[in-house]
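Trainee: Provided herewith: final-v9.cif, mmCIF, C-alpha atoms.
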```cif
data_work
#
loop_
_atom_site.label_atom_id
_atom_site.label_comp_id
_atom_site.auth_asym_id
_atom_site.auth_seq_id
_atom_site.Cartn_x
_atom_site.Cartn_y
_atom_site.Cartn_z
CA MET A 1 58.52 -8.15 28.99
CA LEU A 2 61.63 -7.51 26.91
CA VAL A 3 64.32 -10.19 26.70
CA HIS A 4 67.71 -9.52 25.12
CA VAL A 5 69.66 -12.63 24.13
CA PHE A 6 73.36 -12.26 23.31
CA THR A 7 74.56 -15.25 21.35
CA LEU A 8 76.91 -16.51 18.66
CA PHE A 9 74.10 -18.57 17.12
CA PRO A 10 70.88 -16.51 16.89
CA GLU A 11 69.54 -18.86 14.21
CA MET A 12 69.09 -21.54 16.88
CA PHE A 13 66.21 -19.55 18.38
CA GLN A 14 64.09 -19.17 15.27
CA GLY A 15 62.17 -22.45 15.53
CA PRO A 16 61.39 -22.54 19.27
CA PHE A 17 60.49 -18.85 19.45
CA GLN A 18 58.16 -19.02 16.44
CA ALA A 19 55.81 -21.71 17.70
CA SER A 20 53.13 -22.36 20.31
CA ILE A 21 52.81 -20.17 23.40
CA LEU A 22 55.98 -18.15 22.80
CA LYS A 23 54.80 -17.18 19.33
CA ARG A 24 51.38 -16.10 20.64
CA ALA A 25 52.95 -14.15 23.50
CA GLN A 26 55.08 -12.18 21.07
CA ALA A 27 52.22 -11.65 18.63
CA GLY A 28 50.09 -10.34 21.49
CA GLY A 29 52.73 -7.87 22.63
CA LEU A 30 53.23 -9.61 25.99
CA LEU A 31 56.77 -10.70 25.18
CA GLU A 32 59.51 -9.27 22.97
CA VAL A 33 62.70 -11.22 22.31
CA ARG A 34 65.63 -9.47 20.66
CA LEU A 35 68.52 -11.61 19.45
CA HIS A 36 71.97 -10.03 19.24
CA GLN A 37 74.91 -11.54 17.36
CA VAL A 38 78.00 -11.17 19.55
CA ARG A 39 80.26 -11.81 16.56
CA ASP A 40 79.17 -8.47 15.07
CA HIS A 41 81.23 -6.81 17.78
CA ALA A 42 84.51 -8.56 16.94
CA HIS A 43 86.51 -6.15 14.77
CA ASP A 44 89.27 -8.30 13.29
CA ARG A 45 88.99 -9.58 9.73
CA HIS A 46 87.82 -13.04 10.77
CA ARG A 47 85.50 -11.80 13.58
CA ILE A 48 87.20 -14.01 16.15
CA VAL A 49 85.42 -14.17 19.51
CA ASP A 50 87.45 -16.85 21.30
CA ASP A 51 91.06 -17.56 22.20
CA ALA A 52 93.21 -20.11 24.02
CA PRO A 53 93.21 -19.90 27.83
CA TYR A 54 96.16 -18.36 29.62
CA GLY A 55 98.10 -21.04 31.44
CA GLY A 56 97.27 -23.65 28.83
CA GLY A 57 94.65 -26.32 28.74
CA PRO A 58 92.08 -27.68 26.29
CA GLY A 59 89.31 -25.71 24.62
CA MET A 60 88.83 -22.10 23.68
CA ILE A 61 87.53 -19.30 25.89
CA LEU A 62 85.02 -16.61 24.91
CA LYS A 63 86.88 -13.29 24.86
CA PRO A 64 85.62 -10.37 26.95
CA GLU A 65 85.81 -7.56 24.36
CA PRO A 66 83.05 -8.67 21.93
CA LEU A 67 80.54 -9.56 24.63
CA PHE A 68 81.14 -6.42 26.70
CA GLU A 69 80.81 -4.25 23.60
CA ALA A 70 77.69 -6.08 22.42
CA VAL A 71 75.90 -5.66 25.75
CA GLU A 72 76.98 -2.08 26.34
CA SER A 73 76.24 -0.88 22.81
CA VAL A 74 72.80 -2.50 22.70
CA LEU A 75 71.60 -1.68 26.20
CA GLY A 76 73.38 1.62 26.87
CA THR A 77 72.05 3.32 29.99
CA ALA A 78 69.31 0.66 30.27
CA LEU A 79 72.04 -1.70 31.45
CA ARG A 80 71.91 -0.09 34.88
CA GLY A 81 69.52 -2.05 37.05
CA MET A 82 68.75 -4.70 34.42
CA PRO A 83 69.43 -8.35 35.31
CA VAL A 84 72.24 -9.63 33.09
CA VAL A 85 72.18 -13.40 33.42
CA LEU A 86 75.04 -15.61 32.29
CA LEU A 87 73.89 -19.13 31.42
CA SER A 88 76.57 -21.44 32.75
CA PRO A 89 76.94 -24.87 34.40
CA GLN A 90 78.62 -23.02 37.27
CA GLY A 91 75.55 -20.93 38.06
CA ARG A 92 72.85 -21.31 40.68
CA LEU A 93 70.19 -23.85 39.78
CA PHE A 94 67.35 -22.35 37.75
CA THR A 95 64.12 -23.16 39.59
CA GLN A 96 60.49 -22.13 39.41
CA ALA A 97 61.24 -19.55 42.09
CA GLU A 98 63.95 -18.06 39.88
CA ALA A 99 61.51 -18.00 36.96
CA GLN A 100 58.99 -16.14 39.11
CA ARG A 101 61.64 -13.64 40.18
CA LEU A 102 62.69 -12.91 36.60
CA ALA A 103 59.06 -12.67 35.46
CA ARG A 104 58.66 -9.61 37.68
CA GLU A 105 61.37 -7.76 35.74
CA PRO A 106 60.40 -5.51 32.81
CA ALA A 107 63.55 -6.50 30.91
CA VAL A 108 66.25 -9.16 31.18
CA ALA A 109 69.50 -9.80 29.30
CA LEU A 110 70.72 -13.37 28.78
CA LEU A 111 74.34 -14.13 27.93
CA CYS A 112 74.98 -17.41 26.13
CA GLY A 113 78.40 -18.83 26.85
CA HIS A 114 80.06 -21.14 24.35
CA TYR A 115 83.23 -23.08 23.66
CA GLY A 116 85.20 -23.99 26.79
CA GLY A 117 83.77 -21.22 28.93
CA VAL A 118 83.96 -17.44 29.23
CA ASP A 119 86.68 -15.08 30.37
CA GLU A 120 86.23 -14.66 34.12
CA ARG A 121 85.90 -10.89 33.74
CA ILE A 122 82.58 -11.45 31.97
CA ARG A 123 81.35 -13.35 34.99
CA GLU A 124 82.69 -10.85 37.51
CA GLN A 125 82.15 -7.50 35.83
CA LEU A 126 79.35 -7.86 33.26
CA ALA A 127 76.92 -10.50 34.51
CA THR A 128 74.78 -9.67 37.53
CA ASP A 129 73.69 -13.27 37.97
CA GLU A 130 74.64 -16.74 36.80
CA LEU A 131 72.15 -19.56 36.31
CA SER A 132 72.35 -23.23 35.35
CA ILE A 133 69.42 -25.34 34.16
CA GLY A 134 70.95 -28.54 35.56
CA ASP A 135 74.02 -30.44 36.60
CA TYR A 136 75.23 -31.27 33.12
CA VAL A 137 77.17 -29.49 30.39
CA LEU A 138 75.69 -28.25 27.11
CA THR A 139 77.55 -27.16 23.99
CA GLY A 140 76.53 -23.59 24.70
CA GLY A 141 74.12 -21.41 26.62
CA GLU A 142 71.57 -21.16 23.80
CA LEU A 143 69.45 -24.13 24.84
CA ALA A 144 69.56 -22.97 28.45
CA ALA A 145 68.42 -19.50 27.38
CA MET A 146 65.46 -21.03 25.55
CA VAL A 147 64.47 -22.90 28.70
CA VAL A 148 64.67 -19.73 30.79
CA VAL A 149 62.63 -17.68 28.30
CA ASP A 150 59.96 -20.37 28.08
CA ALA A 151 59.68 -20.84 31.86
CA VAL A 152 59.57 -17.10 32.54
CA SER A 153 57.23 -16.19 29.69
CA ARG A 154 54.44 -18.53 30.75
CA LEU A 155 54.30 -16.68 34.08
CA LEU A 156 53.61 -13.32 32.45
CA PRO A 157 50.02 -12.13 32.89
CA GLY A 158 47.89 -13.06 29.90
CA VAL A 159 50.34 -15.45 28.26
CA LEU A 160 48.51 -18.64 29.24
CA GLY A 161 45.07 -17.07 29.16
CA SER A 162 44.44 -18.25 32.72
CA GLU A 163 46.40 -17.20 35.78
CA GLU A 164 45.24 -20.41 37.48
CA ALA A 165 46.97 -22.56 34.85
CA ALA A 166 50.48 -21.53 35.91
CA ALA A 167 49.55 -21.71 39.58
CA GLN A 168 48.64 -25.39 39.21
CA ASP A 169 51.88 -26.40 37.49
CA SER A 170 54.43 -28.70 39.08
CA HIS A 171 56.88 -26.70 41.24
CA ALA A 172 54.62 -23.62 41.30
CA ARG A 173 54.18 -24.13 45.05
CA GLY A 174 57.10 -26.45 45.58
CA LEU A 175 55.12 -29.64 44.91
CA LEU A 176 54.63 -31.87 41.88
CA GLN A 177 51.31 -31.63 40.11
CA TYR A 178 48.53 -34.13 40.81
CA PRO A 179 47.50 -36.70 38.13
CA GLN A 180 45.16 -35.35 35.47
CA TYR A 181 42.61 -37.05 33.21
CA THR A 182 40.29 -36.14 30.36
CA ARG A 183 37.71 -37.90 28.17
CA PRO A 184 36.94 -40.74 27.71
CA PRO A 185 36.14 -41.87 31.26
CA VAL A 186 37.24 -45.41 30.38
CA PHE A 187 40.11 -46.14 27.97
CA ARG A 188 41.17 -49.73 27.30
CA GLY A 189 39.65 -50.69 30.60
CA TRP A 190 41.52 -48.00 32.56
CA LYS A 191 39.08 -45.82 34.46
CA VAL A 192 39.26 -42.22 35.57
CA PRO A 193 39.09 -42.00 39.40
CA GLU A 194 35.46 -41.78 40.48
CA VAL A 195 36.02 -38.69 42.61
CA LEU A 196 36.86 -36.65 39.50
CA LEU A 197 33.47 -37.55 37.99
CA SER A 198 31.52 -36.84 41.17
CA GLY A 199 31.00 -33.12 40.73
CA ASP A 200 31.99 -32.62 44.37
CA HIS A 201 34.52 -29.79 44.11
CA GLY A 202 35.56 -30.13 47.74
CA ALA A 203 36.30 -33.83 47.35
CA VAL A 204 38.13 -33.20 44.08
CA GLY A 205 40.28 -30.51 45.71
CA ARG A 206 41.19 -32.75 48.61
CA TRP A 207 42.00 -35.67 46.26
CA ARG A 208 44.26 -33.46 44.19
CA THR A 209 46.07 -32.19 47.26
CA VAL A 210 46.65 -35.72 48.55
CA GLN A 211 47.82 -36.93 45.15
CA SER A 212 50.18 -33.97 44.78
CA LEU A 213 51.69 -34.65 48.19
CA ARG A 214 51.94 -38.40 47.51
CA ARG A 215 53.60 -37.91 44.12
CA THR A 216 56.08 -35.43 45.55
CA GLN A 217 56.83 -37.72 48.48
CA GLU A 218 57.48 -40.67 46.17
CA ARG A 219 59.36 -38.94 43.35
CA ARG A 220 60.94 -35.81 44.80
CA PRO A 221 61.02 -36.00 48.62
CA ASP A 222 63.72 -33.32 48.57
CA LEU A 223 61.08 -30.79 47.49
CA LEU A 224 59.05 -31.39 50.64
CA GLU A 225 61.94 -30.23 52.78
CA ARG A 226 61.60 -26.67 51.49
CA ALA A 227 57.95 -26.53 50.39
CA SER A 228 55.66 -24.02 52.11
CA LEU A 229 52.81 -26.26 53.20
CA THR A 230 49.55 -25.12 54.74
CA PRO A 231 48.51 -26.67 58.07
CA GLU A 232 46.00 -28.86 56.20
CA GLU A 233 48.65 -30.03 53.73
CA ARG A 234 51.01 -30.78 56.59
CA ARG A 235 48.30 -32.86 58.29
CA LEU A 236 47.59 -34.79 55.09
CA LEU A 237 51.29 -35.39 54.57
CA ASP A 238 51.61 -36.74 58.10
CA GLU A 239 48.75 -39.15 57.36
CA LEU A 240 50.45 -40.28 54.15
CA GLN A 241 53.73 -40.86 55.93
CA ALA A 242 52.05 -42.79 58.74
CA HIS A 243 50.21 -44.96 56.20
CA ARG A 244 53.44 -45.58 54.31
CA GLN A 245 55.24 -46.63 57.47
CA GLN A 246 52.46 -49.11 58.27
CA GLU A 247 52.74 -50.63 54.80
CA GLU A 248 56.49 -51.04 55.17
CA ARG A 249 56.18 -52.98 58.43
#
```
Now, as a test, write the supplied structure out as structure tokens.
Mentor:
Amino acid sequence: MLVHVFTLFPEMFQGPFQASILKRAQAGGLLEVRLHQVRDHAHDRHRIVDDAPYGGGPGMILKPEPLFEAVESVLGTALRGMPVVLLSPQGRLFTQAEAQRLAREPAVALLCGHYGGVDERIREQLATDELSIGDYVLTGGELAAMVVVDAVSRLLPGVLGSEEAAAQDSHARGLLQYPQYTRPPVFRGWKVPEVLLSGDHGAVGRWRTVQSLRRTQERRPDLLERASLTPEERRLLDELQAHRQQEER
């Protein structure tokens, strides 16, 4: 997968993209990230990329000319059909489903906003999509772009070494992940659940399903409203809810 990142601060990406899974994915040829300095496409002496908003108000707005030129000169004809994603607090919420959708694309362009926002013509005429990583405001889109690249990259075949690993993650199926344990079986008196030591794969699978449903119900009940549950999961959830109601009486 090829990811183009258009930013005013490409140096911000050097650390995160040169460590751990992202580093290995790039070294293995599974992921290529190209960083593009938008300021290189500002042609005045001071390479100015922002200006005051028409109508007044605080902050500076990212001008359209440098970003349009940067994207068009770098991507050329490849721009047609490629997702061009503006990272913005006004965008749709970035979810695991969005990560899965982007992971199916051969190439993606990410636009990092900065300052007080971007000229609306960037949003309307250049970006094909607009995503937000949460209901809060960051200094710029760089950190959001890193989150998107990380979430998407780990879904690419071969990046994690095991396709099952990504499938078991929280949110992969709309539920939170079940509790996990490793050695030692007893730590400071706290024991690993016996079922996980039993060797009974069927019992382990059922326990994990129940725990995943319980954790989601307790921590993120909103996820259950849109999760695609199997008939067995629905039955187990009904049992959990009935048991919870009895405890509350």
Trainee: For region 97-108 of chain A, work out the shell of residues within 8 Å, counting all atoms listed in the file and skipping chain neighbours fewer than 2 positions away, then give it as an mmCIF file with C-alpha atoms, in the frame of the given file.
Mentor:
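around_14.cif, freshly written:
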```
data_model
loop_
_atom_site.group_PDB
_atom_site.id
_atom_site.type_symbol
_atom_site.label_atom_id
_atom_site.label_comp_id
_atom_site.auth_asym_id
_atom_site.auth_seq_id
_atom_site.Cartn_x
_atom_site.Cartn_y
_atom_site.Cartn_z
ATOM 1 C CA MET A 1 58.520 -8.150 28.990
ATOM 2 C CA LEU A 2 61.630 -7.510 26.910
ATOM 3 C CA VAL A 3 64.320 -10.190 26.700
ATOM 4 C CA HIS A 4 67.710 -9.520 25.120
ATOM 5 C CA MET A 82 68.750 -4.700 34.420
ATOM 6 C CA PRO A 83 69.430 -8.350 35.310
ATOM 7 C CA VAL A 84 72.240 -9.630 33.090
ATOM 8 C CA VAL A 85 72.180 -13.400 33.420
ATOM 9 C CA PHE A 94 67.350 -22.350 37.750
ATOM 10 C CA THR A 95 64.120 -23.160 39.590
ATOM 11 C CA LEU A 110 70.720 -13.370 28.780
ATOM 12 C CA VAL A 148 64.670 -19.730 30.790
ATOM 13 C CA ALA A 151 59.680 -20.840 31.860
ATOM 14 C CA VAL A 152 59.570 -17.100 32.540
ATOM 15 C CA SER A 153 57.230 -16.190 29.690
ATOM 16 C CA LEU A 155 54.300 -16.680 34.080
ATOM 17 C CA LEU A 156 53.610 -13.320 32.450
ATOM 18 C CA ALA A 172 54.620 -23.620 41.300
#
```
Trainee: How many Å lie between CA of Gln180 (chain A) and CA of Arg220 (chain A), rounded to one decimal?
Mentor: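 Spanning CA of Gln180 (chain A) to CA of Arg220 (chain A) is a straight-line distance of 18.3 Å.
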Trainee: Report, in Å with one decimal, the straight-line distance from CA of Glu120 (chain A) to CA of Asp44 (chain A).
Mentor: 22.0 Å
Trainee: Of the candidates A:Met12, A:Ile48, A:Leu160, A:Leu79, which shows the shortest atom-to-atom distance to Leu30 (chain A), using all atoms listed in the file?
Mentor: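 Going through A:Met12, A:Ile48, A:Leu160, A:Leu79 one by one, the smallest distance to Leu30 (chain A) is for A:Leu160.
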Trainee: Name all residues at most 6 Å from region 200-216 of chain A (count all atoms listed in the file; drop same-chain ones fewer than 3 positions away) and give them as a PDB file with C-alpha atoms, in the coordinates of the input.
Mentor:
```pdb
ATOM      1  CA  LEU A 175      55.120 -29.640  44.910  1.00  0.00           C
ATOM      2  CA  LEU A 176      54.630 -31.870  41.880  1.00  0.00           C
ATOM      3  CA  GLN A 177      51.310 -31.630  40.110  1.00  0.00           C
ATOM      4  CA  TYR A 178      48.530 -34.130  40.810  1.00  0.00           C
ATOM      5  CA  LEU A 196      36.860 -36.650  39.500  1.00  0.00           C
ATOM      6  CA  ARG A 219      59.360 -38.940  43.350  1.00  0.00           C
ATOM      7  CA  ARG A 220      60.940 -35.810  44.800  1.00  0.00           C
ATOM      8  CA  PRO A 221      61.020 -36.000  48.620  1.00  0.00           C
TER       9      PRO A 221
END
```
Trainee: Taking (74.9, -30.5, 39.0) in the file's coordinates, which residues come within 9 Å, counting all atoms listed in the file, written as a count of residues only?
Mentor: 9
Trainee: Extract region 100-193 of chain A from the preceding block and save C-alpha atoms as a PDB file, in the first residue's frame.
Mentor:
```pdb
ATOM      1  CA  GLN A 100     -10.798  -1.653   6.864  1.00  0.00           C
ATOM      2  CA  ARG A 101     -12.220   0.323   3.953  1.00  0.00           C
ATOM      3  CA  LEU A 102      -9.001   2.269   3.425  1.00  0.00           C
ATOM      4  CA  ALA A 103      -6.894  -0.890   3.778  1.00  0.00           C
ATOM      5  CA  ARG A 104      -8.513  -2.209   0.597  1.00  0.00           C
ATOM      6  CA  GLU A 105      -7.165   0.742  -1.403  1.00  0.00           C
ATOM      7  CA  PRO A 106      -3.823   0.435  -3.221  1.00  0.00           C
ATOM      8  CA  ALA A 107      -2.988   4.081  -2.473  1.00  0.00           C
ATOM      9  CA  VAL A 108      -4.329   6.837  -0.228  1.00  0.00           C
ATOM     10  CA  ALA A 109      -3.501  10.535   0.162  1.00  0.00           C
ATOM     11  CA  LEU A 110      -3.796  12.200   3.575  1.00  0.00           C
ATOM     12  CA  LEU A 111      -4.066  15.975   3.929  1.00  0.00           C
ATOM     13  CA  CYS A 112      -2.945  17.417   7.252  1.00  0.00           C
ATOM     14  CA  GLY A 113      -4.744  20.618   8.135  1.00  0.00           C
ATOM     15  CA  HIS A 114      -3.108  23.137  10.431  1.00  0.00           C
ATOM     16  CA  TYR A 115      -3.557  26.557  11.996  1.00  0.00           C
ATOM     17  CA  GLY A 116      -7.204  27.624  12.349  1.00  0.00           C
ATOM     18  CA  GLY A 117      -8.496  25.373   9.594  1.00  0.00           C
ATOM     19  CA  VAL A 118      -8.354  25.098   5.810  1.00  0.00           C
ATOM     20  CA  ASP A 119      -9.878  27.129   3.018  1.00  0.00           C
ATOM     21  CA  GLU A 120     -13.285  25.587   2.312  1.00  0.00           C
ATOM     22  CA  ARG A 121     -12.347  25.008  -1.327  1.00  0.00           C
ATOM     23  CA  ILE A 122      -9.827  22.406  -0.177  1.00  0.00           C
ATOM     24  CA  ARG A 123     -12.613  20.552   1.573  1.00  0.00           C
ATOM     25  CA  GLU A 124     -15.064  20.870  -1.304  1.00  0.00           C
ATOM     26  CA  GLN A 125     -12.885  20.505  -4.380  1.00  0.00           C
ATOM     27  CA  LEU A 126      -9.719  18.602  -3.420  1.00  0.00           C
ATOM     28  CA  ALA A 127     -10.582  16.187  -0.611  1.00  0.00           C
ATOM     29  CA  THR A 128     -12.771  13.202  -1.439  1.00  0.00           C
ATOM     30  CA  ASP A 129     -13.350  12.396   2.212  1.00  0.00           C
ATOM     31  CA  GLU A 130     -12.940  13.977   5.627  1.00  0.00           C
ATOM     32  CA  LEU A 131     -12.157  12.029   8.785  1.00  0.00           C
ATOM     33  CA  SER A 132     -11.755  12.857  12.468  1.00  0.00           C
ATOM     34  CA  ILE A 133     -10.095  10.614  15.045  1.00  0.00           C
ATOM     35  CA  GLY A 134     -12.250  11.985  17.874  1.00  0.00           C
ATOM     36  CA  ASP A 135     -14.326  14.803  19.248  1.00  0.00           C
ATOM     37  CA  TYR A 136     -11.448  17.036  20.237  1.00  0.00           C
ATOM     38  CA  VAL A 137      -9.144  19.483  18.480  1.00  0.00           C
ATOM     39  CA  LEU A 138      -5.450  18.896  17.766  1.00  0.00           C
ATOM     40  CA  THR A 139      -2.851  21.448  16.742  1.00  0.00           C
ATOM     41  CA  GLY A 140      -2.791  19.919  13.285  1.00  0.00           C
ATOM     42  CA  GLY A 141      -3.684  16.858  11.266  1.00  0.00           C
ATOM     43  CA  GLU A 142      -0.270  15.213  11.621  1.00  0.00           C
ATOM     44  CA  LEU A 143      -1.061  13.180  14.730  1.00  0.00           C
ATOM     45  CA  ALA A 144      -4.389  12.146  13.230  1.00  0.00           C
ATOM     46  CA  ALA A 145      -2.614  11.021  10.050  1.00  0.00           C
ATOM     47  CA  MET A 146      -0.251   8.877  12.119  1.00  0.00           C
ATOM     48  CA  VAL A 147      -3.229   7.215  13.799  1.00  0.00           C
ATOM     49  CA  VAL A 148      -4.868   6.494  10.451  1.00  0.00           C
ATOM     50  CA  VAL A 149      -1.681   5.061   8.930  1.00  0.00           C
ATOM     51  CA  ASP A 150      -1.085   2.838  11.955  1.00  0.00           C
ATOM     52  CA  ALA A 151      -4.666   1.538  12.101  1.00  0.00           C
ATOM     53  CA  VAL A 152      -4.810   0.876   8.355  1.00  0.00           C
ATOM     54  CA  SER A 153      -1.337  -0.639   8.034  1.00  0.00           C
ATOM     55  CA  ARG A 154      -1.884  -3.369  10.612  1.00  0.00           C
ATOM     56  CA  LEU A 155      -4.790  -4.631   8.490  1.00  0.00           C
ATOM     57  CA  LEU A 156      -2.621  -5.155   5.412  1.00  0.00           C
ATOM     58  CA  PRO A 157      -1.909  -8.821   4.665  1.00  0.00           C
ATOM     59  CA  GLY A 158       1.405  -9.903   6.145  1.00  0.00           C
ATOM     60  CA  VAL A 159       2.000  -6.862   8.339  1.00  0.00           C
ATOM     61  CA  LEU A 160       1.154  -8.571  11.637  1.00  0.00           C
ATOM     62  CA  GLY A 161       2.372 -11.987  10.541  1.00  0.00           C
ATOM     63  CA  SER A 162      -1.003 -13.489  11.457  1.00  0.00           C
ATOM     64  CA  GLU A 163      -4.324 -12.601   9.875  1.00  0.00           C
ATOM     65  CA  GLU A 164      -6.034 -13.870  13.030  1.00  0.00           C
ATOM     66  CA  ALA A 165      -4.279 -11.257  15.175  1.00  0.00           C
ATOM     67  CA  ALA A 166      -6.106  -8.320  13.596  1.00  0.00           C
ATOM     68  CA  ALA A 167      -9.377 -10.239  13.552  1.00  0.00           C
ATOM     69  CA  GLN A 168      -9.243 -10.635  17.340  1.00  0.00           C
ATOM     70  CA  ASP A 169      -8.625  -6.950  18.071  1.00  0.00           C
ATOM     71  CA  SER A 170     -11.127  -4.753  19.861  1.00  0.00           C
ATOM     72  CA  HIS A 171     -13.596  -3.235  17.358  1.00  0.00           C
ATOM     73  CA  ALA A 172     -12.641  -5.709  14.612  1.00  0.00           C
ATOM     74  CA  ARG A 173     -16.168  -7.150  14.814  1.00  0.00           C
ATOM     75  CA  GLY A 174     -17.763  -4.285  16.675  1.00  0.00           C
ATOM     76  CA  LEU A 175     -16.987  -5.669  20.149  1.00  0.00           C
ATOM     77  CA  LEU A 176     -14.250  -5.043  22.693  1.00  0.00           C
ATOM     78  CA  GLN A 177     -11.625  -7.728  23.065  1.00  0.00           C
ATOM     79  CA  TYR A 178     -11.853 -10.326  25.829  1.00  0.00           C
ATOM     80  CA  PRO A 179      -9.346 -10.288  28.747  1.00  0.00           C
ATOM     81  CA  GLN A 180      -5.999 -11.892  27.974  1.00  0.00           C
ATOM     82  CA  TYR A 181      -3.370 -13.509  30.199  1.00  0.00           C
ATOM     83  CA  THR A 182       0.098 -14.999  29.870  1.00  0.00           C
ATOM     84  CA  ARG A 183       2.671 -16.651  32.160  1.00  0.00           C
ATOM     85  CA  PRO A 184       2.951 -16.981  35.108  1.00  0.00           C
ATOM     86  CA  PRO A 185      -0.356 -18.646  35.990  1.00  0.00           C
ATOM     87  CA  VAL A 186      -0.266 -16.992  39.424  1.00  0.00           C
ATOM     88  CA  PHE A 187       1.154 -13.494  39.990  1.00  0.00           C
ATOM     89  CA  ARG A 188       1.042 -11.934  43.464  1.00  0.00           C
ATOM     90  CA  GLY A 189      -1.811 -14.237  44.296  1.00  0.00           C
ATOM     91  CA  TRP A 190      -3.845 -13.274  41.215  1.00  0.00           C
ATOM     92  CA  LYS A 191      -4.709 -16.363  39.196  1.00  0.00           C
ATOM     93  CA  VAL A 192      -5.358 -16.867  35.517  1.00  0.00           C
ATOM     94  CA  PRO A 193      -8.943 -18.148  34.966  1.00  0.00           C
TER      95      PRO A 193
END
```
